[in-house]
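With PDB, C-alpha atoms inside, this is entry23.pdb:
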```
ATOM      1  CA  MET A1481      22.195  18.207 -19.703
ATOM      2  CA  LYS A1482      23.297  16.126 -22.683
ATOM      3  CA  GLN A1483      24.249  17.635 -26.011
ATOM      4  CA  VAL A1484      24.445  16.152 -29.475
ATOM      5  CA  THR A1485      26.094  18.050 -32.311
ATOM      6  CA  TYR A1486      25.886  16.958 -35.913
ATOM      7  CA  VAL A1487      26.693  18.365 -39.345
ATOM      8  CA  VAL A1488      23.925  17.578 -41.826
ATOM      9  CA  LYS A1489      25.079  15.527 -44.802
ATOM     10  CA  ASP A1490      21.750  14.977 -46.518
ATOM     11  CA  GLU A1491      21.510  16.881 -49.796
ATOM     12  CA  LEU A1492      18.007  18.152 -49.007
ATOM     13  CA  GLY A1493      18.522  19.114 -45.367
ATOM     14  CA  LEU A1494      15.962  18.883 -42.601
ATOM     15  CA  HIS A1495      12.772  19.147 -44.675
ATOM     16  CA  ALA A1496       9.259  17.882 -43.936
ATOM     17  CA  ARG A1497       9.816  14.122 -43.914
ATOM     18  CA  PRO A1498      12.928  14.021 -41.688
ATOM     19  CA  ALA A1499      11.366  16.625 -39.372
ATOM     20  CA  GLY A1500       8.309  14.388 -38.928
ATOM     21  CA  LEU A1501      10.445  11.323 -38.307
ATOM     22  CA  LEU A1502      12.653  13.217 -35.862
ATOM     23  CA  VAL A1503       9.649  14.250 -33.779
ATOM     24  CA  LYS A1504       8.618  10.577 -33.600
ATOM     25  CA  VAL A1505      11.937  10.032 -31.801
ATOM     26  CA  THR A1506      12.091  13.150 -29.604
ATOM     27  CA  GLY A1507       8.393  13.014 -28.688
ATOM     28  CA  GLY A1508       8.959   9.717 -26.885
ATOM     29  CA  PHE A1509      11.120  11.300 -24.170
ATOM     30  CA  LYS A1510      10.169  13.205 -21.057
ATOM     31  CA  SER A1511      13.256  15.428 -21.279
ATOM     32  CA  ASP A1512      13.064  18.934 -22.644
ATOM     33  CA  ILE A1513      14.753  18.843 -26.067
ATOM     34  CA  ARG A1514      15.920  22.053 -27.741
ATOM     35  CA  LEU A1515      17.364  22.194 -31.223
ATOM     36  CA  SER A1516      19.583  25.032 -32.366
ATOM     37  CA  ALA A1517      20.987  25.757 -35.811
ATOM     38  CA  ASN A1518      21.906  28.837 -37.833
ATOM     39  CA  GLY A1519      21.667  31.058 -34.745
ATOM     40  CA  LYS A1520      18.045  30.069 -34.141
ATOM     41  CA  GLU A1521      16.480  27.735 -31.628
ATOM     42  CA  ALA A1522      13.384  25.536 -31.674
ATOM     43  CA  ASP A1523      11.535  23.004 -29.562
ATOM     44  CA  GLY A1524      12.899  19.644 -30.733
ATOM     45  CA  LYS A1525       9.455  18.090 -30.326
ATOM     46  CA  ARG A1526       7.605  20.458 -32.676
ATOM     47  CA  ILE A1527       7.636  19.668 -36.394
ATOM     48  CA  LEU A1528       7.001  23.213 -37.520
ATOM     49  CA  GLY A1529       9.614  24.706 -35.197
ATOM     50  CA  ILE A1530      12.202  22.286 -36.542
ATOM     51  CA  MET A1531      11.337  23.009 -40.173
ATOM     52  CA  SER A1532      11.447  26.754 -39.505
ATOM     53  CA  LEU A1533      15.163  26.538 -38.749
ATOM     54  CA  GLY A1534      15.726  25.909 -42.452
ATOM     55  CA  VAL A1535      18.547  23.431 -41.863
ATOM     56  CA  LYS A1536      20.456  22.585 -45.023
ATOM     57  CA  LYS A1537      23.349  20.373 -46.019
ATOM     58  CA  GLY A1538      26.506  21.455 -44.216
ATOM     59  CA  ASP A1539      24.685  23.169 -41.347
ATOM     60  CA  LYS A1540      25.607  22.302 -37.794
ATOM     61  CA  VAL A1541      22.713  21.329 -35.524
ATOM     62  CA  THR A1542      22.880  21.010 -31.755
ATOM     63  CA  PHE A1543      20.365  19.166 -29.621
ATOM     64  CA  ALA A1544      20.281  19.931 -25.907
ATOM     65  CA  CYS A1545      18.415  17.324 -23.849
ATOM     66  CA  LYS A1546      17.541  18.059 -20.255
ATOM     67  CA  GLY A1547      15.550  15.787 -17.976
ATOM     68  CA  VAL A1548      15.213  12.339 -16.446
ATOM     69  CA  ASP A1549      15.847  10.437 -19.678
ATOM     70  CA  GLU A1550      18.368  12.841 -21.243
ATOM     71  CA  GLU A1551      21.048  10.169 -21.720
ATOM     72  CA  ARG A1552      18.793   7.836 -23.637
ATOM     73  CA  ALA A1553      17.342  10.733 -25.637
ATOM     74  CA  ALA A1554      20.804  11.906 -26.699
ATOM     75  CA  VAL A1555      21.826   8.405 -27.785
ATOM     76  CA  GLN A1556      18.681   7.869 -29.845
ATOM     77  CA  ILE A1557      18.851  11.309 -31.442
ATOM     78  CA  GLU A1558      22.438  10.677 -32.428
ATOM     79  CA  SER A1559      21.608   7.380 -34.052
ATOM     80  CA  PHE A1560      18.633   8.970 -35.839
ATOM     81  CA  LEU A1561      20.913  11.692 -37.238
ATOM     82  CA  ASN A1562      23.499   9.186 -38.415
ATOM     83  CA  ASP A1563      20.866   7.048 -40.110
ATOM     84  CA  ASN A1564      18.750   9.783 -41.687
ATOM     85  CA  LEU A1565      20.653  13.004 -42.168
TER      86      LEU A1565
ATOM     87  CA  MET B1183     -23.877  33.441 -21.061
ATOM     88  CA  LEU B1184     -24.387  29.688 -21.131
ATOM     89  CA  ASN B1185     -24.059  29.641 -24.916
ATOM     90  CA  LYS B1186     -20.881  31.660 -24.740
ATOM     91  CA  LEU B1187     -19.469  29.178 -22.276
ATOM     92  CA  LYS B1188     -20.484  26.310 -24.537
ATOM     93  CA  ASN B1189     -18.718  27.933 -27.459
ATOM     94  CA  MET B1190     -15.573  28.362 -25.437
ATOM     95  CA  TRP B1191     -15.841  24.756 -24.410
ATOM     96  CA  LYS B1192     -16.176  23.456 -27.916
ATOM     97  CA  LYS B1193     -14.173  25.760 -30.084
ATOM     98  CA  GLU B1194     -14.081  24.708 -33.663
ATOM     99  CA  GLU B1195     -12.081  26.172 -36.502
ATOM    100  CA  LYS B1196     -13.041  25.666 -40.137
ATOM    101  CA  ILE B1197     -10.305  25.377 -42.729
ATOM    102  CA  GLY B1198     -11.039  25.880 -46.407
ATOM    103  CA  SER B1199      -9.346  24.214 -49.328
ATOM    104  CA  PRO B1200      -6.291  26.197 -50.443
ATOM    105  CA  ILE B1201      -6.591  24.752 -53.949
ATOM    106  CA  ARG B1202      -9.371  23.936 -56.421
ATOM    107  CA  GLY B1203      -9.602  20.204 -57.111
ATOM    108  CA  GLU B1204     -10.678  17.056 -55.341
ATOM    109  CA  ALA B1205     -10.250  16.559 -51.597
ATOM    110  CA  VAL B1206      -9.359  12.979 -50.682
ATOM    111  CA  SER B1207      -8.401  11.176 -47.489
ATOM    112  CA  ILE B1208      -4.809  11.698 -46.355
ATOM    113  CA  LYS B1209      -4.558   7.887 -46.309
ATOM    114  CA  GLU B1210      -4.725   7.906 -50.103
ATOM    115  CA  VAL B1211      -1.479   9.857 -50.395
ATOM    116  CA  ASN B1212       1.239   7.696 -51.898
ATOM    117  CA  ASP B1213       3.855   8.671 -49.308
ATOM    118  CA  PRO B1214       3.903   7.186 -45.793
ATOM    119  CA  THR B1215       5.126  10.504 -44.330
ATOM    120  CA  PHE B1216       1.598  11.739 -44.979
ATOM    121  CA  SER B1217      -0.559   8.605 -45.156
ATOM    122  CA  ASP B1218       0.793   7.333 -41.816
ATOM    123  CA  GLU B1219       0.151  10.822 -40.377
ATOM    124  CA  ILE B1220       3.806  11.269 -39.358
ATOM    125  CA  LEU B1221       3.426  15.001 -39.911
ATOM    126  CA  GLY B1222      -0.073  15.098 -38.425
ATOM    127  CA  LYS B1223      -3.709  14.633 -39.388
ATOM    128  CA  GLY B1224      -5.174  16.320 -42.416
ATOM    129  CA  ILE B1225      -6.484  15.965 -45.923
ATOM    130  CA  ALA B1226      -5.066  15.955 -49.440
ATOM    131  CA  ILE B1227      -6.138  17.866 -52.526
ATOM    132  CA  LYS B1228      -5.678  16.566 -56.068
ATOM    133  CA  PRO B1229      -5.192  19.963 -57.700
ATOM    134  CA  LEU B1230      -6.798  21.212 -60.896
ATOM    135  CA  THR B1231      -4.962  24.534 -60.863
ATOM    136  CA  GLY B1232      -1.548  25.736 -59.745
ATOM    137  CA  ARG B1233      -2.832  28.283 -57.243
ATOM    138  CA  VAL B1234      -2.537  27.966 -53.477
ATOM    139  CA  VAL B1235      -4.499  30.445 -51.363
ATOM    140  CA  ALA B1236      -4.642  30.941 -47.613
ATOM    141  CA  PRO B1237      -7.186  28.396 -46.285
ATOM    142  CA  CYS B1238      -8.108  30.690 -43.377
ATOM    143  CA  ASP B1239      -6.910  33.857 -41.664
ATOM    144  CA  GLY B1240      -3.534  33.431 -40.024
ATOM    145  CA  THR B1241       0.174  34.128 -40.064
ATOM    146  CA  ILE B1242       2.670  32.597 -42.480
ATOM    147  CA  SER B1243       5.014  30.762 -40.149
ATOM    148  CA  MET B1244       7.385  29.310 -42.696
ATOM    149  CA  VAL B1245       8.079  29.159 -46.423
ATOM    150  CA  PHE B1246      10.599  26.539 -47.491
ATOM    151  CA  ASP B1247      13.477  27.949 -49.541
ATOM    152  CA  THR B1248      12.448  25.417 -52.164
ATOM    153  CA  LYS B1249       8.932  26.974 -52.201
ATOM    154  CA  HIS B1250       7.205  23.606 -52.467
ATOM    155  CA  ALA B1251       5.666  23.882 -49.020
ATOM    156  CA  LEU B1252       4.682  26.517 -46.532
ATOM    157  CA  SER B1253       2.953  26.735 -43.233
ATOM    158  CA  ILE B1254       0.341  28.988 -41.764
ATOM    159  CA  THR B1255      -0.518  29.304 -38.097
ATOM    160  CA  THR B1256      -4.249  29.813 -37.702
ATOM    161  CA  GLU B1257      -5.897  32.176 -35.248
ATOM    162  CA  HIS B1258      -6.655  29.219 -32.971
ATOM    163  CA  GLY B1259      -3.040  28.091 -33.008
ATOM    164  CA  ALA B1260      -3.235  25.196 -35.474
ATOM    165  CA  GLU B1261       0.009  24.819 -37.430
ATOM    166  CA  LEU B1262      -1.028  23.920 -40.979
ATOM    167  CA  LEU B1263       1.495  22.653 -43.473
ATOM    168  CA  ILE B1264       0.528  22.903 -47.141
ATOM    169  CA  HIS B1265       2.802  20.649 -49.160
ATOM    170  CA  VAL B1266       2.564  20.842 -52.967
ATOM    171  CA  GLY B1267       3.227  17.480 -54.581
ATOM    172  CA  LEU B1268       5.260  14.539 -53.315
ATOM    173  CA  ASP B1269       9.070  14.566 -53.182
ATOM    174  CA  THR B1270       8.939  17.994 -54.824
ATOM    175  CA  VAL B1271      11.683  19.151 -52.463
ATOM    176  CA  ASN B1272      13.928  17.635 -55.154
ATOM    177  CA  LEU B1273      12.844  20.310 -57.655
ATOM    178  CA  LYS B1274      14.705  22.882 -55.533
ATOM    179  CA  GLY B1275      12.267  25.675 -56.226
ATOM    180  CA  GLN B1276      11.881  25.112 -59.943
ATOM    181  CA  PHE B1277       8.235  25.584 -61.125
ATOM    182  CA  PHE B1278       7.228  27.212 -57.816
ATOM    183  CA  GLU B1279       6.707  30.850 -57.009
ATOM    184  CA  ALA B1280       5.984  32.027 -53.471
ATOM    185  CA  LYS B1281       3.854  35.142 -53.121
ATOM    186  CA  VAL B1282       4.309  35.584 -49.365
ATOM    187  CA  SER B1283       7.082  35.285 -46.819
ATOM    188  CA  ALA B1284       7.306  34.184 -43.196
ATOM    189  CA  GLY B1285       5.773  36.541 -40.669
ATOM    190  CA  GLU B1286       3.126  37.956 -43.002
ATOM    191  CA  HIS B1287      -0.444  38.054 -41.783
ATOM    192  CA  VAL B1288      -2.881  36.786 -44.401
ATOM    193  CA  LYS B1289      -6.646  36.657 -44.855
ATOM    194  CA  ALA B1290      -8.482  33.567 -46.157
ATOM    195  CA  GLY B1291      -8.171  33.587 -49.957
ATOM    196  CA  THR B1292      -4.864  35.513 -50.178
ATOM    197  CA  LEU B1293      -2.685  34.027 -52.943
ATOM    198  CA  LEU B1294       0.270  32.274 -51.286
ATOM    199  CA  LEU B1295       1.974  30.251 -53.960
ATOM    200  CA  GLU B1296       1.784  29.423 -57.642
ATOM    201  CA  PHE B1297       3.120  26.289 -59.249
ATOM    202  CA  ASP B1298       3.338  24.991 -62.798
ATOM    203  CA  ILE B1299       1.204  21.900 -62.474
ATOM    204  CA  GLU B1300       1.930  20.601 -66.024
ATOM    205  CA  LYS B1301       5.709  20.996 -65.756
ATOM    206  CA  ILE B1302       5.768  19.287 -62.376
ATOM    207  CA  LYS B1303       3.787  16.374 -63.826
ATOM    208  CA  GLU B1304       6.119  16.209 -66.841
ATOM    209  CA  GLU B1305       9.047  15.831 -64.454
ATOM    210  CA  GLY B1306       7.299  12.739 -63.115
ATOM    211  CA  TYR B1307       6.037  14.018 -59.773
ATOM    212  CA  ASP B1308       2.680  13.312 -58.157
ATOM    213  CA  THR B1309       1.035  16.743 -57.709
ATOM    214  CA  ILE B1310      -1.266  15.762 -54.846
ATOM    215  CA  CYS B1311      -1.163  18.404 -52.089
ATOM    216  CA  PRO B1312      -1.355  17.148 -48.497
ATOM    217  CA  ILE B1313      -2.545  19.663 -45.912
ATOM    218  CA  VAL B1314      -1.694  18.589 -42.393
ATOM    219  CA  VAL B1315      -1.995  19.979 -38.889
ATOM    220  CA  CYS B1316       1.568  19.589 -37.552
ATOM    221  CA  ASN B1317       0.426  20.029 -33.940
ATOM    222  CA  SER B1318      -2.538  17.633 -34.261
ATOM    223  CA  GLN B1319      -1.931  16.263 -30.769
ATOM    224  CA  GLU B1320      -3.005  19.613 -29.299
ATOM    225  CA  PHE B1321      -6.560  19.219 -30.598
ATOM    226  CA  SER B1322      -9.287  16.817 -29.562
ATOM    227  CA  ASN B1323     -10.356  16.029 -33.105
ATOM    228  CA  ILE B1324      -9.640  16.905 -36.712
ATOM    229  CA  GLU B1325     -12.342  16.040 -39.225
ATOM    230  CA  ALA B1326     -11.674  15.831 -42.943
ATOM    231  CA  ILE B1327     -14.364  16.526 -45.535
ATOM    232  CA  THR B1328     -13.729  14.960 -48.940
ATOM    233  CA  GLY B1329     -15.188  15.681 -52.381
ATOM    234  CA  GLU B1330     -14.878  18.212 -55.184
ATOM    235  CA  VAL B1331     -13.666  21.544 -53.871
ATOM    236  CA  SER B1332     -13.248  25.131 -54.984
ATOM    237  CA  GLU B1333     -10.848  27.471 -53.222
ATOM    238  CA  LEU B1334     -12.056  27.890 -49.618
ATOM    239  CA  THR B1335     -14.625  25.048 -49.682
ATOM    240  CA  GLU B1336     -14.470  23.669 -46.141
ATOM    241  CA  VAL B1337     -12.177  20.604 -45.942
ATOM    242  CA  LEU B1338     -11.089  20.445 -42.297
ATOM    243  CA  LYS B1339     -12.759  21.016 -38.951
ATOM    244  CA  ILE B1340     -10.292  21.443 -36.120
ATOM    245  CA  ILE B1341     -11.908  20.931 -32.737
ATOM    246  CA  GLN B1342     -10.119  22.128 -29.617
TER     247      GLN B1342
END
```

Kindly return the structure encoded in the file as structure tokens.
Amino acid sequence: MKQVTYVVKDELGLHARPAGLLVKVTGGFKSDIRLSANGKEADGKRILGIMSLGVKKGDKVTFACKGVDEERAAVQIESFLNDNL
Amino acid sequence: MLNKLKNMWKKEEKIGSPIRGEAVSIKEVNDPTFSDEILGKGIAIKPLTGRVVAPCDGTISMVFDTKHALSITTEHGAELLIHVGLDTVNLKGQFFEAKVSAGEHVKAGTLLLEFDIEKIKEEGYDTICPIVVCNSQEFSNIEAITGEVSELTEVLKIIQ
């Protein structure tokens, strides 16, 4: 399993647009991707699940990738987070 | 028996308009998040009033803290996102009032949200309301029906 942890810097948090863009990234991998934040967990490939976490500026998010392409998934998620959030 | 099987085979869920106004193609929305269907397939309503009602029976799955968007999970499992205006996340809840909270079961027509359409326009925001099925990939087809709409006029057909 590969983990990525990130503290959100974007003023508006993980709202609709970034959630949609994030799923474009995670949906391309075979690995199971779980996202946890604020004591809750969601499927990292489901837009609504991600938005339901209510991630705001300053919140810590953790992605856990598990599967054949977990390395590549973790790298791409990390670069997405750095670029967008 | 055969008819029942056919119905199971081709299950279709009808979604009404949550807002009175004009239903237009999602491609006309001036925001690629919606027009490129990044959040899923759907339709958009150019609103005439600041009232959002439940477009079908279902459960409120999420209300953004900023109250500009909420989602409802339908009885067939479609995850609808109703987003009021574009970039309205920036208003941080101002001019929006949510009437429901996550977890509530609602019937078609239940008032979900009110917004001050004139104030939002004055602040320079586009008030178009995209309605998208976030889990579009789980359905075989989603048809949009455009034109003038009242609350609950059919605007989407979700086919399993």

When the PyMOL selection byres ((chain B and resi 1271) around 8) is applied to the file above, which residues end up in the set, as an mmCIF file with C-alpha atoms, keeping the file's coordinate frame?
```cif
data_model
loop_
_atom_site.group_PDB
_atom_site.id
_atom_site.type_symbol
_atom_site.label_atom_id
_atom_site.label_comp_id
_atom_site.auth_asym_id
_atom_site.auth_seq_id
_atom_site.Cartn_x
_atom_site.Cartn_y
_atom_site.Cartn_z
ATOM 1 C CA LEU A 1492 18.007 18.152 -49.007
ATOM 2 C CA HIS A 1495 12.772 19.147 -44.675
ATOM 3 C CA THR B 1248 12.448 25.417 -52.164
ATOM 4 C CA HIS B 1250 7.205 23.606 -52.467
ATOM 5 C CA LEU B 1268 5.260 14.539 -53.315
ATOM 6 C CA ASP B 1269 9.070 14.566 -53.182
ATOM 7 C CA THR B 1270 8.939 17.994 -54.824
ATOM 8 C CA ASN B 1272 13.928 17.635 -55.154
ATOM 9 C CA LEU B 1273 12.844 20.310 -57.655
ATOM 10 C CA LYS B 1274 14.705 22.882 -55.533
ATOM 11 C CA GLY B 1275 12.267 25.675 -56.226
#
```

Starting from chain A, keep only residues with some atom at most 10 Å from an atom of chain B, counting all atoms listed in the file, and report them as an MDAnalysis selection string. chainID A and resid 1491:1493 1495:1504 1525:1529 1531:1534 1536

So which residues touch region 1291-1301 of chain B within 8 Å, counting only C-alpha atoms, skipping near sequence neighbours fewer than 4 positions away, as a count of residues only? 20

Pairwise distance, CA of Tyr1486 (chain A) with CA of Arg1514 (chain A), equals 13.9 Å

Please determine an axis-aligned box that encloses all atoms of region 1321-1325 of chain B listed in the file, with 6 Å added on each side, and express its centre and edge lengths in Å to one decimal as AutoDock Vina command-line options.
```
--center_x -9.5 --center_y 17.6 --center_z -34.4 --size_x 17.8 --size_y 15.2 --size_z 21.7
```

Ground truth for the PyMOL selection byres ((chain A and resi 1483) around 6), written as an NGL selection string: :A and (1482 or 1484 or 1543-1544)

Check what the PyMOL selection byres ((chain A and resi 1518-1520) around 10) selects in the file above and give those residues as an mmCIF file with C-alpha atoms, in the coordinates of the input.
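And here's out06.cif as it stands now:
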```cif
data_model
loop_
_atom_site.group_PDB
_atom_site.id
_atom_site.type_symbol
_atom_site.label_atom_id
_atom_site.label_comp_id
_atom_site.auth_asym_id
_atom_site.auth_seq_id
_atom_site.Cartn_x
_atom_site.Cartn_y
_atom_site.Cartn_z
ATOM 1 C CA LEU A 1515 17.364 22.194 -31.223
ATOM 2 C CA SER A 1516 19.583 25.032 -32.366
ATOM 3 C CA ALA A 1517 20.987 25.757 -35.811
ATOM 4 C CA GLU A 1521 16.480 27.735 -31.628
ATOM 5 C CA ALA A 1522 13.384 25.536 -31.674
ATOM 6 C CA SER A 1532 11.447 26.754 -39.505
ATOM 7 C CA LEU A 1533 15.163 26.538 -38.749
ATOM 8 C CA GLY A 1534 15.726 25.909 -42.452
ATOM 9 C CA VAL A 1535 18.547 23.431 -41.863
ATOM 10 C CA LYS A 1536 20.456 22.585 -45.023
ATOM 11 C CA ASP A 1539 24.685 23.169 -41.347
ATOM 12 C CA LYS A 1540 25.607 22.302 -37.794
ATOM 13 C CA VAL A 1541 22.713 21.329 -35.524
ATOM 14 C CA THR A 1542 22.880 21.010 -31.755
#
```

Find the residue from B:Glu1195, B:Asn1212, B:Arg1202, B:Val1266 that sits nearest to Lys1303 (chain B); use all atoms listed in the file when measuring.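 Of all the options, B:Val1266 lies closest to Lys1303 (chain B).
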
Pairwise distance, CA of Phe1560 (chain A) with CA of Met1481 (chain A), equals 18.9 Å

CA of Val1487 (chain A) to CA of Gly1507 (chain A) measures 21.8 Å

Which residues come within 8 Å of Ser1318 (chain B), counting only C-alpha atoms, excluding same-chain residues fewer than 6 positions away, as a list in words?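 Near Ser1318 (chain B), the qualifying residues are Gly1222, Lys1223, Ala1260 and Ile1324 of chain B.
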
Measuring between only C-alpha atoms, which one of B:Ala1226, B:Gln1342, B:Cys1311, B:Ser1332 shows the shortest distance to Ser1207 (chain B)?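 Residue with the minimum atom-to-atom distance to Ser1207 (chain B): B:Ala1226.
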
In terms of the shortest atom-to-atom distance over all atoms listed in the file, which of B:Pro1312, B:Glu1304, B:Glu1330, B:Thr1256 is closest to Glu1194 (chain B)?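 Under the stated criterion, the closest residue is B:Thr1256.
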
In terms of the shortest atom-to-atom distance over all atoms listed in the file, which of A:Ile1513, A:Val1488, A:Val1505, A:Ile1557 is closest to Cys1545 (chain A)? A:Ile1513

Because the input lacks atoms here, generate N, CA, C and O atoms for region 1284-1304 of chain B and report them as a compact mmCIF listing (two decimals), in the coordinates of the input.
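What ended up in selection13.txt:
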```
# COMPACT_ATOMS: atom_id res chain seq x y z
N ALA B 1284 7.58 34.48 -44.60
CA ALA B 1284 7.31 34.18 -43.20
C ALA B 1284 7.05 35.47 -42.43
O ALA B 1284 7.71 36.49 -42.65
N GLY B 1285 6.09 35.40 -41.52
CA GLY B 1285 5.77 36.54 -40.67
C GLY B 1285 4.60 37.37 -41.17
O GLY B 1285 4.03 38.15 -40.42
N GLU B 1286 4.23 37.17 -42.45
CA GLU B 1286 3.13 37.96 -43.00
C GLU B 1286 1.78 37.46 -42.47
O GLU B 1286 1.53 36.27 -42.41
N HIS B 1287 0.92 38.42 -42.17
CA HIS B 1287 -0.44 38.05 -41.78
C HIS B 1287 -1.27 37.98 -43.06
O HIS B 1287 -1.17 38.85 -43.91
N VAL B 1288 -2.07 36.93 -43.19
CA VAL B 1288 -2.88 36.79 -44.40
C VAL B 1288 -4.35 36.54 -44.06
O VAL B 1288 -4.67 36.04 -42.99
N LYS B 1289 -5.21 36.92 -44.98
CA LYS B 1289 -6.65 36.66 -44.86
C LYS B 1289 -6.98 35.43 -45.71
O LYS B 1289 -6.29 35.17 -46.71
N ALA B 1290 -8.03 34.71 -45.36
CA ALA B 1290 -8.48 33.57 -46.16
C ALA B 1290 -8.63 34.02 -47.60
O ALA B 1290 -9.23 35.06 -47.87
N GLY B 1291 -8.05 33.27 -48.54
CA GLY B 1291 -8.17 33.59 -49.96
C GLY B 1291 -6.98 34.33 -50.53
O GLY B 1291 -6.83 34.42 -51.75
N THR B 1292 -6.07 34.84 -49.68
CA THR B 1292 -4.86 35.51 -50.18
C THR B 1292 -4.01 34.51 -50.97
O THR B 1292 -3.80 33.39 -50.52
N LEU B 1293 -3.54 34.92 -52.14
CA LEU B 1293 -2.68 34.03 -52.94
C LEU B 1293 -1.34 33.84 -52.24
O LEU B 1293 -0.67 34.81 -51.89
N LEU B 1294 -0.97 32.57 -52.02
CA LEU B 1294 0.27 32.27 -51.29
C LEU B 1294 1.39 31.78 -52.19
O LEU B 1294 2.56 32.06 -51.97
N LEU B 1295 0.97 30.99 -53.20
CA LEU B 1295 1.97 30.25 -53.96
C LEU B 1295 1.38 29.91 -55.32
O LEU B 1295 0.19 29.63 -55.42
N GLU B 1296 2.23 29.93 -56.35
CA GLU B 1296 1.78 29.42 -57.64
C GLU B 1296 2.77 28.35 -58.08
O GLU B 1296 3.95 28.43 -57.78
N PHE B 1297 2.24 27.35 -58.76
CA PHE B 1297 3.12 26.29 -59.25
C PHE B 1297 2.67 25.86 -60.64
O PHE B 1297 1.50 25.96 -60.99
N ASP B 1298 3.62 25.40 -61.42
CA ASP B 1298 3.34 24.99 -62.80
C ASP B 1298 2.99 23.50 -62.79
O ASP B 1298 3.86 22.64 -62.87
N ILE B 1299 1.70 23.27 -62.68
CA ILE B 1299 1.20 21.90 -62.47
C ILE B 1299 1.63 20.96 -63.62
O ILE B 1299 2.04 19.83 -63.39
N GLU B 1300 1.59 21.46 -64.88
CA GLU B 1300 1.93 20.60 -66.02
C GLU B 1300 3.42 20.24 -66.02
O GLU B 1300 3.80 19.09 -66.23
N LYS B 1301 4.26 21.25 -65.75
CA LYS B 1301 5.71 21.00 -65.76
C LYS B 1301 6.09 20.01 -64.65
O LYS B 1301 6.93 19.13 -64.84
N ILE B 1302 5.45 20.17 -63.51
CA ILE B 1302 5.77 19.29 -62.38
C ILE B 1302 5.37 17.85 -62.71
O ILE B 1302 6.11 16.90 -62.43
N LYS B 1303 4.22 17.71 -63.38
CA LYS B 1303 3.79 16.37 -63.83
C LYS B 1303 4.77 15.80 -64.85
O LYS B 1303 5.11 14.63 -64.80
N GLU B 1304 5.18 16.66 -65.80
CA GLU B 1304 6.12 16.21 -66.84
C GLU B 1304 7.42 15.68 -66.25
O GLU B 1304 8.05 14.79 -66.79
```
